[in-house]
Each structure stands twice: as C-alpha cells, then as structure tokens.
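Here is the structure we will look at, set down as structure tokens.
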Amino acid sequence: MQSLEDIIVRFNIDPSHSLKQQNAEHYEQSQTYYTTCWYVEKDEKQHVVARYRSWSNQAKIPPYRAQIGWERYSPTGTLIEREVQYSKQEDGVTLH
C-alpha cells in the first residue's frame with residue numbers, strides 16, 4: 001500500500017483536516033494476496049467528515065493481474081465515491 005501522504009493526495013483531503021489509518025488487513029486466498037485499509041478523516045473540531053476504504057488485490061500466478069481501489073463514505077456510512085483500477089498487460093510483454 002502507499003504512504004499516508006500518498007493516500008491524503010489520492011483522497012484529496014482538506015489540508016486543515018486530519019486522516020488516520022484505523023486498521024489494515026492482509027491475507028491470501030485462492031492464489032491472490034489481498035490488502036484492505038480503513039481511514040477516518042476529521043475536521044479541525046475532530047468531527048468525522050468521511051471514512052475511506054482502500055484496497056489492493058494482487059494475483060500470485062500468471063498473468064499477475066492486480067486491482068486497486070478506494071471508496072469514500074459519509075459519516076453515516078453512505079457510499080459517496082468509488083474508484084477502481086485494473087492492471088493491463090502491455091502488448092508484446094510476456095513473463096517467463
């Protein structure tokens with residue numbers, strides 16, 4: 001996963017707010033390695049502004065596909081925004 005500073009940029013956190021990682025889970029299942037992290041954003045008065053889930057899934061077998069993504073939730077748990085990216089093998093590139 002990325003550094004907290006990278007996550008702050010990715011989530012576009014207001015500079016006057018704080019972002020703290022709440023937990024992280026790492027596990028392997030069906031030849032795929034999964035990582036999920038939860039974050040909480042608070043304003044200057046320490047009120048929760050949003051919660052975030054960031055994840056990555058990396059296959060351990062060819063073609064080694066990966067998925068990364070994140071979601072922004074309101075303080076009440078409503079999904080506000082979601083972004084998911086998938087790896088793509090370049091044409092002509094083969095792993096041995």
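In the structure tokens, chains take the letters A, B, ... in the order shown, each chain's residues start at 1, and ligands count up from 1 in the order shown.
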
In chain A, what's strand (DSSP E or B) per DSSP? Answer as a ChimeraX atom specification? /A:18-29,32-42,48-59,66-73,79-86

Kindly export the residues of the current selection with N, CA and C atoms, as a short mmCIF file (atom, residue, chain, number, x, y, z; two decimals), in the first residue's frame.
```
data_model
loop_
_atom_site.label_atom_id
_atom_site.label_comp_id
_atom_site.auth_asym_id
_atom_site.auth_seq_id
_atom_site.Cartn_x
_atom_site.Cartn_y
_atom_site.Cartn_z
N SER A 18 -7.50 16.08 9.36
CA SER A 18 -6.54 15.01 9.64
C SER A 18 -7.07 13.70 9.05
N LEU A 19 -6.15 12.81 8.69
CA LEU A 19 -6.51 11.49 8.19
C LEU A 19 -5.69 10.48 8.97
N LYS A 20 -6.36 9.52 9.58
CA LYS A 20 -5.67 8.49 10.35
C LYS A 20 -6.11 7.11 9.88
N GLN A 21 -5.15 6.20 9.80
CA GLN A 21 -5.47 4.83 9.45
C GLN A 21 -6.06 4.15 10.68
N GLN A 22 -7.22 3.49 10.49
CA GLN A 22 -7.87 2.80 11.60
C GLN A 22 -7.41 1.36 11.71
N ASN A 23 -7.31 0.66 10.59
CA ASN A 23 -6.83 -0.72 10.61
C ASN A 23 -6.37 -1.13 9.23
N ALA A 24 -5.71 -2.29 9.19
CA ALA A 24 -5.24 -2.86 7.93
C ALA A 24 -5.36 -4.37 8.03
N GLU A 25 -5.83 -4.97 6.94
CA GLU A 25 -5.96 -6.42 6.87
C GLU A 25 -5.16 -6.93 5.68
N HIS A 26 -4.44 -8.01 5.88
CA HIS A 26 -3.66 -8.65 4.82
C HIS A 26 -3.94 -10.14 4.89
N TYR A 27 -4.30 -10.72 3.76
CA TYR A 27 -4.49 -12.17 3.74
C TYR A 27 -4.36 -12.69 2.32
N GLU A 28 -4.16 -14.00 2.22
CA GLU A 28 -4.02 -14.66 0.93
C GLU A 28 -5.13 -15.70 0.79
N GLN A 29 -5.74 -15.73 -0.40
CA GLN A 29 -6.80 -16.70 -0.67
C GLN A 29 -6.84 -16.95 -2.17
N THR A 32 -4.32 -15.29 -4.53
CA THR A 32 -4.37 -13.83 -4.61
C THR A 32 -4.06 -13.26 -3.24
N TYR A 33 -3.26 -12.20 -3.21
CA TYR A 33 -2.92 -11.51 -1.98
C TYR A 33 -3.80 -10.26 -1.86
N TYR A 34 -4.52 -10.13 -0.75
CA TYR A 34 -5.47 -9.04 -0.53
C TYR A 34 -4.99 -8.14 0.60
N THR A 35 -5.10 -6.83 0.39
CA THR A 35 -4.81 -5.84 1.43
C THR A 35 -5.96 -4.84 1.45
N THR A 36 -6.49 -4.58 2.64
CA THR A 36 -7.56 -3.59 2.82
C THR A 36 -7.22 -2.71 4.01
N CYS A 37 -7.34 -1.39 3.83
CA CYS A 37 -7.09 -0.43 4.91
C CYS A 37 -8.29 0.50 5.05
N TRP A 38 -8.60 0.83 6.29
CA TRP A 38 -9.66 1.80 6.58
C TRP A 38 -9.04 3.04 7.19
N TYR A 39 -9.57 4.22 6.79
CA TYR A 39 -9.10 5.51 7.28
C TYR A 39 -10.29 6.34 7.73
N VAL A 40 -10.03 7.29 8.63
CA VAL A 40 -11.06 8.23 9.05
C VAL A 40 -10.51 9.65 8.90
N GLU A 41 -11.33 10.52 8.31
CA GLU A 41 -10.98 11.94 8.14
C GLU A 41 -11.76 12.75 9.15
N LYS A 42 -11.05 13.65 9.87
CA LYS A 42 -11.70 14.52 10.85
C LYS A 42 -11.36 15.97 10.55
N VAL A 48 -15.97 13.65 12.62
CA VAL A 48 -15.74 12.77 11.48
C VAL A 48 -16.38 13.37 10.24
N VAL A 49 -15.59 13.55 9.20
CA VAL A 49 -16.04 14.11 7.93
C VAL A 49 -16.34 12.98 6.95
N ALA A 50 -15.47 11.96 6.93
CA ALA A 50 -15.63 10.84 6.00
C ALA A 50 -14.80 9.66 6.48
N ARG A 51 -15.16 8.50 5.96
CA ARG A 51 -14.37 7.28 6.17
C ARG A 51 -13.99 6.75 4.79
N TYR A 52 -12.85 6.10 4.71
CA TYR A 52 -12.32 5.62 3.44
C TYR A 52 -11.91 4.16 3.57
N ARG A 53 -12.11 3.43 2.50
CA ARG A 53 -11.59 2.07 2.38
C ARG A 53 -10.70 2.05 1.15
N SER A 54 -9.49 1.57 1.32
CA SER A 54 -8.53 1.44 0.23
C SER A 54 -8.11 -0.01 0.16
N TRP A 55 -8.01 -0.56 -1.06
CA TRP A 55 -7.64 -1.97 -1.18
C TRP A 55 -6.78 -2.23 -2.39
N SER A 56 -6.09 -3.37 -2.34
CA SER A 56 -5.36 -3.87 -3.49
C SER A 56 -5.45 -5.39 -3.47
N ASN A 57 -5.61 -5.97 -4.64
CA ASN A 57 -5.65 -7.42 -4.83
C ASN A 57 -4.61 -7.75 -5.89
N GLN A 58 -3.67 -8.62 -5.55
CA GLN A 58 -2.58 -8.97 -6.46
C GLN A 58 -2.54 -10.47 -6.65
N ALA A 59 -2.76 -10.92 -7.89
CA ALA A 59 -2.68 -12.35 -8.20
C ALA A 59 -1.23 -12.82 -8.07
N ALA A 66 -3.70 -7.26 -11.21
CA ALA A 66 -3.87 -6.52 -9.96
C ALA A 66 -5.08 -5.62 -10.06
N GLN A 67 -5.65 -5.33 -8.90
CA GLN A 67 -6.77 -4.39 -8.79
C GLN A 67 -6.47 -3.51 -7.59
N ILE A 68 -6.63 -2.20 -7.77
CA ILE A 68 -6.54 -1.28 -6.63
C ILE A 68 -7.77 -0.40 -6.66
N GLY A 69 -8.18 0.06 -5.50
CA GLY A 69 -9.35 0.92 -5.46
C GLY A 69 -9.51 1.59 -4.12
N TRP A 70 -10.45 2.50 -4.08
CA TRP A 70 -10.79 3.16 -2.83
C TRP A 70 -12.24 3.62 -2.89
N GLU A 71 -12.81 3.81 -1.70
CA GLU A 71 -14.19 4.29 -1.56
C GLU A 71 -14.25 5.33 -0.45
N ARG A 72 -15.09 6.33 -0.66
CA ARG A 72 -15.33 7.38 0.35
C ARG A 72 -16.75 7.21 0.86
N TYR A 73 -16.89 7.19 2.19
CA TYR A 73 -18.20 7.04 2.84
C TYR A 73 -18.50 8.26 3.69
N LEU A 79 -22.15 5.35 0.74
CA LEU A 79 -21.07 5.41 -0.24
C LEU A 79 -21.22 6.69 -1.06
N ILE A 80 -20.15 7.49 -1.11
CA ILE A 80 -20.17 8.77 -1.81
C ILE A 80 -19.42 8.69 -3.14
N GLU A 81 -18.27 8.02 -3.11
CA GLU A 81 -17.40 8.00 -4.29
C GLU A 81 -16.62 6.70 -4.30
N ARG A 82 -16.33 6.21 -5.52
CA ARG A 82 -15.59 4.94 -5.65
C ARG A 82 -14.71 5.00 -6.89
N GLU A 83 -13.50 4.49 -6.76
CA GLU A 83 -12.59 4.41 -7.90
C GLU A 83 -11.90 3.04 -7.87
N VAL A 84 -11.87 2.38 -9.02
CA VAL A 84 -11.23 1.07 -9.13
C VAL A 84 -10.37 1.08 -10.39
N GLN A 85 -9.16 0.54 -10.28
CA GLN A 85 -8.26 0.43 -11.42
C GLN A 85 -7.78 -1.01 -11.52
N TYR A 86 -7.65 -1.49 -12.75
CA TYR A 86 -7.19 -2.84 -13.02
C TYR A 86 -5.90 -2.78 -13.83
#
```

DSSP on the backbone: which residues in chain A end up as alpha helix (DSSP H)? Give the answer as a list in words. Leu4, Glu5, Asp6, Ile7, Ile8, Val9, Arg10 and Phe11 of chain A

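Distances here use only C-alpha atoms; by that measure, the residue among A:Lys45, A:Gly77, A:Pro62, A:Lys88 closest to His17 of chain A is A:Lys45.
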
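Atom to atom, atom CA of Pro63 of chain A and atom CA of Ser30 of chain A stand 14.4 Å apart.
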
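Atom CA of Tyr64 of chain A is found 25.6 Å from atom CA of Leu4 of chain A.
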